$ cat run_7.cif   # mmCIF, C-alpha atoms
data_work
loop_
_atom_site.label_atom_id
_atom_site.label_comp_id
_atom_site.auth_asym_id
_atom_site.auth_seq_id
_atom_site.Cartn_x
_atom_site.Cartn_y
_atom_site.Cartn_z
CA MET A 830 -26.68 65.38 -72.78
CA ASN A 831 -24.47 64.66 -69.85
CA THR A 832 -22.40 61.53 -70.38
CA LYS A 833 -22.93 60.28 -66.85
CA HIS A 834 -26.70 60.67 -67.25
CA ALA A 835 -26.54 58.79 -70.54
CA ASP A 836 -24.72 55.97 -68.74
CA VAL A 837 -27.45 55.65 -66.12
CA VAL A 838 -30.15 55.49 -68.78
CA ALA A 839 -28.19 53.13 -71.03
CA GLU A 840 -27.53 50.83 -68.11
CA TYR A 841 -31.20 50.78 -67.16
CA LEU A 842 -32.32 50.02 -70.73
CA HIS A 843 -29.66 47.35 -71.03
CA GLU A 844 -30.90 45.71 -67.83
CA VAL A 845 -34.44 45.69 -69.21
CA ASP A 846 -33.24 44.34 -72.56
CA LEU A 847 -31.35 41.50 -70.88
CA ARG A 848 -34.61 40.27 -69.41
CA LEU A 849 -36.59 40.39 -72.67
CA SER A 850 -34.83 37.60 -74.52
CA GLY A 851 -38.00 35.52 -74.59
CA LEU A 852 -40.00 38.16 -76.49
CA PRO A 853 -40.32 38.57 -80.27
CA VAL A 854 -37.61 40.96 -81.42
CA LEU A 855 -40.03 43.66 -82.62
CA GLN A 856 -41.90 43.81 -79.32
CA ARG A 857 -38.59 43.98 -77.56
CA ARG A 858 -37.42 46.88 -79.68
CA GLU A 859 -40.75 48.63 -79.38
CA LEU A 860 -40.65 48.55 -75.59
CA LEU A 861 -37.07 49.77 -75.43
CA ALA A 862 -37.91 52.62 -77.84
CA ASP A 863 -40.98 53.53 -75.76
CA LEU A 864 -38.96 53.56 -72.54
CA ALA A 865 -36.18 55.59 -74.12
CA ALA A 866 -38.71 58.11 -75.46
CA HIS A 867 -40.41 58.29 -72.06
CA ILE A 868 -37.13 59.01 -70.30
CA ALA A 869 -36.14 61.61 -72.90
CA THR A 870 -39.55 63.29 -72.63
CA GLU A 871 -39.41 63.37 -68.83
CA ARG A 872 -35.95 64.87 -68.92
CA THR A 873 -37.03 67.64 -71.21
CA GLU A 874 -40.47 68.40 -69.81
CA ARG A 875 -39.43 68.20 -66.17
CA ASN A 876 -36.15 69.97 -66.91
CA ILE A 877 -34.13 67.33 -65.15
CA GLN A 878 -30.64 68.43 -64.18
CA THR A 879 -29.26 66.05 -61.61
CA GLU A 880 -28.59 62.36 -61.64
CA GLY A 881 -30.77 62.02 -58.55
CA GLU A 882 -33.75 63.40 -60.45
CA LEU A 883 -33.03 61.11 -63.35
CA ILE A 884 -32.92 58.10 -61.04
CA GLU A 885 -36.32 59.12 -59.72
CA VAL A 886 -37.67 58.98 -63.27
CA LEU A 887 -36.26 55.46 -63.61
CA GLU A 888 -37.68 54.43 -60.25
CA ARG A 889 -41.13 55.57 -61.30
CA LEU A 890 -40.79 53.43 -64.40
CA GLY A 891 -40.13 50.43 -62.18
CA THR A 892 -37.30 47.99 -61.82
CA PRO A 893 -36.16 46.13 -64.95
CA GLU A 894 -37.68 42.99 -63.41
CA VAL A 895 -41.11 44.60 -62.97
CA VAL A 896 -41.14 46.12 -66.47
CA ALA A 897 -40.00 42.86 -68.08
CA ALA A 898 -42.59 40.85 -66.14
CA ALA A 899 -45.33 43.15 -67.44
CA ALA A 900 -43.98 42.79 -70.97
CA TYR A 901 -44.20 39.00 -70.78
CA GLU A 902 -47.65 39.11 -69.28
CA GLU A 903 -49.00 41.44 -71.96
CA ALA A 904 -47.30 39.45 -74.71
CA GLY A 905 -48.83 36.23 -73.44
CA ALA A 906 -45.31 34.82 -73.37
CA TYR A 907 -43.37 33.12 -70.63
CA PRO A 908 -40.07 34.49 -69.48
CA PRO A 909 -37.08 32.32 -70.28
CA VAL A 910 -35.90 30.22 -67.36
CA PRO A 911 -32.99 32.20 -65.99
CA THR A 912 -30.44 29.49 -65.10
CA ALA A 913 -28.72 26.83 -67.20
CA ARG A 914 -29.85 24.23 -64.67
CA GLY A 915 -33.46 25.29 -65.02
CA ARG A 916 -33.19 25.35 -68.80
CA ARG A 917 -32.63 21.59 -68.91
CA ARG A 918 -35.22 19.57 -70.73
CA ALA A 919 -38.07 18.31 -68.64
CA TRP A 920 -37.23 14.78 -69.81
CA PRO A 921 -33.53 14.70 -70.65
CA TRP A 922 -33.67 10.94 -71.33
CA LEU A 923 -36.41 11.27 -73.92
CA PRO A 924 -34.25 11.58 -77.10
CA ALA A 925 -32.11 8.60 -75.97
CA ALA A 926 -35.23 6.59 -75.20
CA ILE A 927 -36.73 7.33 -78.60
CA GLY A 928 -33.43 6.42 -80.32
CA GLY A 929 -33.24 3.18 -78.34
CA ALA A 930 -36.82 2.31 -79.18
CA VAL A 931 -36.18 2.88 -82.89
CA VAL A 932 -33.05 0.69 -82.83
CA LEU A 933 -34.90 -2.02 -80.91
CA PHE A 934 -37.78 -1.88 -83.38
CA VAL A 935 -35.45 -2.25 -86.38
CA VAL A 936 -33.64 -5.19 -84.73
CA VAL A 937 -36.91 -6.92 -83.91
CA LEU A 938 -38.22 -6.25 -87.41
CA CYS A 939 -35.07 -7.71 -89.03
CA GLY A 940 -35.27 -10.70 -86.72
CA ALA A 941 -38.91 -11.26 -87.57
CA LEU A 942 -38.17 -11.00 -91.30
CA ALA A 943 -35.27 -13.45 -91.00
CA VAL A 944 -37.35 -15.93 -89.01
CA GLY A 945 -40.25 -15.49 -91.43
CA HIS A 946 -37.91 -16.16 -94.31
CA LYS A 947 -36.51 -19.25 -92.62
CA VAL A 948 -40.01 -20.55 -91.81
CA GLY A 949 -41.02 -19.93 -95.42
CA SER A 950 -38.01 -21.94 -96.58
CA VAL A 951 -38.92 -24.73 -94.24
CA GLU A 952 -42.51 -24.74 -95.47
CA ARG A 953 -41.38 -24.87 -99.04
CA SER A 954 -38.90 -27.59 -98.27
CA PRO A 955 -39.74 -30.95 -99.82
CA VAL A 956 -38.39 -32.62 -96.74
CA PRO A 957 -40.97 -32.34 -93.97
CA GLY A 958 -39.77 -31.32 -90.62
CA PRO A 959 -39.79 -33.69 -87.73
CA VAL A 960 -43.35 -34.85 -87.25
CA VAL A 961 -44.68 -34.77 -83.77
CA SER A 962 -45.65 -38.24 -82.80
CA ALA A 963 -49.35 -38.85 -82.80
CA ASN A 964 -49.18 -41.38 -80.05
CA PRO A 965 -48.24 -39.53 -76.89
CA GLY A 966 -48.67 -42.66 -74.88
CA ARG A 967 -45.48 -44.15 -76.32
CA MET B 764 -53.91 33.55 -49.58
CA ALA B 765 -54.61 36.66 -51.63
CA ASP B 766 -53.30 39.77 -49.90
CA VAL B 767 -54.34 43.33 -50.54
CA GLY B 768 -51.76 43.81 -53.28
CA GLN B 769 -52.97 40.76 -55.16
CA LEU B 770 -56.55 41.95 -54.87
CA SER B 771 -55.85 45.29 -56.46
CA THR B 772 -53.70 43.60 -59.11
CA GLY B 773 -56.58 41.32 -59.91
CA LEU B 774 -59.05 44.19 -60.07
CA ARG B 775 -56.75 46.20 -62.32
CA ARG B 776 -56.32 43.32 -64.69
CA GLY B 777 -59.05 43.57 -67.27
CA THR B 778 -60.17 47.08 -66.36
CA LEU B 779 -57.03 49.16 -66.72
CA GLU B 780 -57.03 48.75 -70.50
CA PHE B 781 -60.46 50.35 -70.74
CA CYS B 782 -59.23 53.26 -68.67
CA VAL B 783 -56.51 53.64 -71.31
CA LEU B 784 -59.04 53.48 -74.14
CA ALA B 785 -61.22 56.08 -72.43
CA MET B 786 -58.22 58.33 -71.99
CA VAL B 787 -57.66 58.57 -75.74
CA GLU B 788 -61.33 58.51 -76.68
CA ASN B 789 -61.64 62.16 -77.61
CA GLU B 790 -58.09 63.11 -78.45
CA ASP B 791 -54.83 61.41 -79.20
CA ARG B 792 -52.35 61.41 -76.35
CA TYR B 793 -48.70 60.53 -76.19
CA GLY B 794 -47.26 57.75 -74.07
CA THR B 795 -45.76 59.82 -71.29
CA GLU B 796 -49.01 61.78 -70.97
CA ILE B 797 -51.02 58.57 -70.50
CA VAL B 798 -48.49 57.21 -68.03
CA ARG B 799 -48.49 60.41 -65.97
CA ARG B 800 -52.24 60.47 -65.86
CA PHE B 801 -52.25 56.98 -64.32
CA GLY B 802 -49.57 58.03 -61.87
CA GLU B 803 -51.98 60.60 -60.46
CA GLU B 804 -54.52 57.91 -59.53
CA PRO B 805 -53.60 56.28 -56.24
CA ASN B 806 -55.85 53.27 -56.86
CA LEU B 807 -54.36 52.57 -60.24
CA ALA B 808 -50.78 53.31 -59.30
CA ALA B 809 -48.50 50.83 -60.97
CA SER B 810 -44.94 51.18 -62.09
CA GLU B 811 -45.07 53.54 -65.06
CA GLY B 812 -43.01 51.22 -67.20
CA THR B 813 -45.74 48.57 -67.11
CA ILE B 814 -48.13 50.80 -69.08
CA TYR B 815 -46.03 50.59 -72.25
CA PRO B 816 -46.43 46.82 -72.68
CA LEU B 817 -50.16 47.35 -72.18
CA LEU B 818 -50.23 50.03 -74.89
CA SER B 819 -48.34 47.64 -77.14
CA ARG B 820 -50.88 44.87 -76.62
CA LEU B 821 -53.81 47.21 -77.31
CA ARG B 822 -52.13 48.38 -80.47
CA ARG B 823 -51.35 44.85 -81.63
CA GLY B 824 -54.92 43.87 -80.84
CA GLY B 825 -56.22 46.64 -83.09
CA TRP B 826 -57.87 48.81 -80.43
CA LEU B 827 -55.28 51.58 -80.57
CA ASP B 828 -53.19 52.96 -83.33
CA SER B 829 -50.07 55.00 -82.85
CA LYS B 830 -47.91 57.41 -84.73
CA TRP B 831 -44.69 59.15 -83.92
CA ALA B 832 -44.71 62.91 -84.18
CA GLU B 833 -42.24 65.66 -83.53
CA SER B 834 -42.80 67.67 -80.38
CA PRO B 835 -42.48 71.45 -80.29
CA ALA B 836 -39.44 71.16 -78.04
CA GLY B 837 -37.89 67.90 -77.09
CA PRO B 838 -37.85 64.33 -78.31
CA PRO B 839 -40.45 62.84 -80.71
CA ARG B 840 -43.66 61.64 -79.10
CA ARG B 841 -45.65 58.53 -79.84
CA TYR B 842 -49.32 59.46 -80.01
CA TYR B 843 -52.03 56.89 -79.40
CA GLY B 844 -55.59 57.07 -80.68
CA LEU B 845 -58.68 54.90 -80.63
CA THR B 846 -59.49 52.73 -83.65
CA PRO B 847 -63.12 51.96 -84.57
CA ALA B 848 -62.65 48.51 -83.00
CA GLY B 849 -61.30 50.14 -79.85
CA ARG B 850 -64.25 52.50 -79.75
CA SER B 851 -66.78 49.69 -79.90
CA ALA B 852 -64.80 47.69 -77.32
CA LEU B 853 -65.00 50.67 -75.00
CA GLU B 854 -68.75 51.05 -75.56
CA HIS B 855 -69.24 47.35 -74.89
CA PHE B 856 -67.20 47.59 -71.69
CA ARG B 857 -69.30 50.50 -70.45
CA THR B 858 -72.47 48.46 -70.76
CA GLU B 859 -70.93 45.36 -69.22
CA TRP B 860 -69.30 47.27 -66.43
CA VAL B 861 -72.50 48.88 -65.20
CA SER B 862 -74.35 45.58 -64.88
CA PHE B 863 -71.26 43.84 -63.48
CA ARG B 864 -70.81 46.55 -60.86
CA GLN B 865 -74.46 46.39 -59.88
CA THR B 866 -74.29 42.64 -59.43
CA VAL B 867 -71.14 42.81 -57.31
CA ASP B 868 -72.61 45.65 -55.23
CA ARG B 869 -75.73 43.61 -54.60
CA LEU B 870 -73.84 40.44 -53.66
CA VAL B 871 -71.13 42.08 -51.60
CA GLY B 872 -73.41 44.65 -50.01
CA THR B 873 -71.60 47.72 -51.27
CA GLY B 874 -74.47 49.20 -53.23
CA GLU B 875 -76.23 52.39 -52.22
CA ALA B 876 -79.39 50.43 -51.49
CA ALA B 877 -77.57 48.07 -49.15
#
$ encode --input "run_7.cif" --output "structure tokens"
Amino acid sequence: MNTKHADVVAEYLHEVDLRLSGLPVLQRRELLADLAAHIATERTERNIQTEGELIEVLERLGTPEVVAAAAYEEAGAYPPVPTARGRRRAWPWLPAAIGGAVVLFVVVLCGALAVGHKVGSVERSPVPGPVVSANPGR
Amino acid sequence: MADVGQLSTGLRRGTLEFCVLAMVENEDRYGTEIVRRFGEEPNLAASEGTIYPLLSRLRRGGWLDSKWAESPAGPPRRYYGLTPAGRSALEHFRTEWVSFRQTVDRLVGTGEAA
């Protein structure tokens, strides 16, 4: 096998592989093995000699984007979002909001317990609290 | 809205897989053979590399099985064959397709009687 030809094929397969990161590893390997076998078979059965002919084989396979898109569609998977910006969470504030809510809940709960305890003490106290005057017309 | 390309994509979706099943109905065929066969059909023409993910789905779904075998000269080949489930899926499609086609022909006015 000509080294330069091997480079063209390896580069193509690598470009496909780069786009398959969202697929289960076995499906990914299966597709790459199928493509490699296809290219090897074409080379042998069509007696491919030149790099130009080899590139035609790759062009008939389709661009790495097209092949990867088909792989995701058939796998029922969604391609990973390509950029770091796009990979951000839909709601980046959500974890902070949940944390805040938990803290707030604990604070309120402690407060309620403390107040409840104090009220209980007051109720149990032999000394009655200030009695509201029964004669508002004072 | 939908252009011609999208129309043929939509028509291929859901029918192409039965063309694959029919292709291996009577004898096992290897991947490149199946792909080449599709390449000869202008109406089905898709990038060859998109057939392999389809074969993978049909295999995972239990309609095809596959085995690698040595070739007389050249690299090993992956042969695909129909499973019993694939065979009955193909039979079911044939029945459905005929009545589906007749309905569409009648509604769209493409039938022979139209």
$ closest_residue --input "run_7.cif" --among "A:Glu888, A:Leu942, A:Val931, A:Ala906" --to "Gln856 (chain A)" --atoms "only C-alpha atoms"
A:Ala906
$ interface_residues --input "run_7.cif" --of "chain B" --to "chain A" --cutoff "9 Å" --atoms "all atoms listed in the file" --output "list of chain:residue names"
B:Gly794, B:Thr795, B:Gly802, B:Ala809, B:Ser810, B:Glu811, B:Gly812, B:Thr813, B:Ile814, B:Tyr815, B:Pro816, B:Leu817, B:Ser819, B:Arg820, B:Ala836, B:Gly837, B:Pro838, B:Pro839, B:Arg840, B:Arg841
$ atom_distance --input "run_7.cif" --atom1 "CA of Thr873 (chain B)" --atom2 "CA of Arg775 (chain B)"
18.6 Å
$ closest_residue --input "run_7.cif" --among "A:Val935, A:Ala943, A:Ile884, A:Val854" --to "Glu840 (chain A)" --atoms "all atoms listed in the file"
A:Ile884
$ atom_distance --input "run_7.cif" --atom1 "CA of Pro908 (chain A)" --atom2 "CA of Val845 (chain A)"
12.5 Å
$ resolve_selection --input "run_7.cif" --expression "the PyMOL selection byres ((chain B and resi 849) around 8)" --output "list in words"
Leu784, Gly825, Trp826, Leu827, Leu845, Thr846, Pro847, Ala848, Arg850, Ser851, Ala852 and Leu853 of chain B
$ atom_distance --input "run_7.cif" --atom1 "CA of Arg792 (chain B)" --atom2 "CA of Tyr843 (chain B)"
5.5 Å
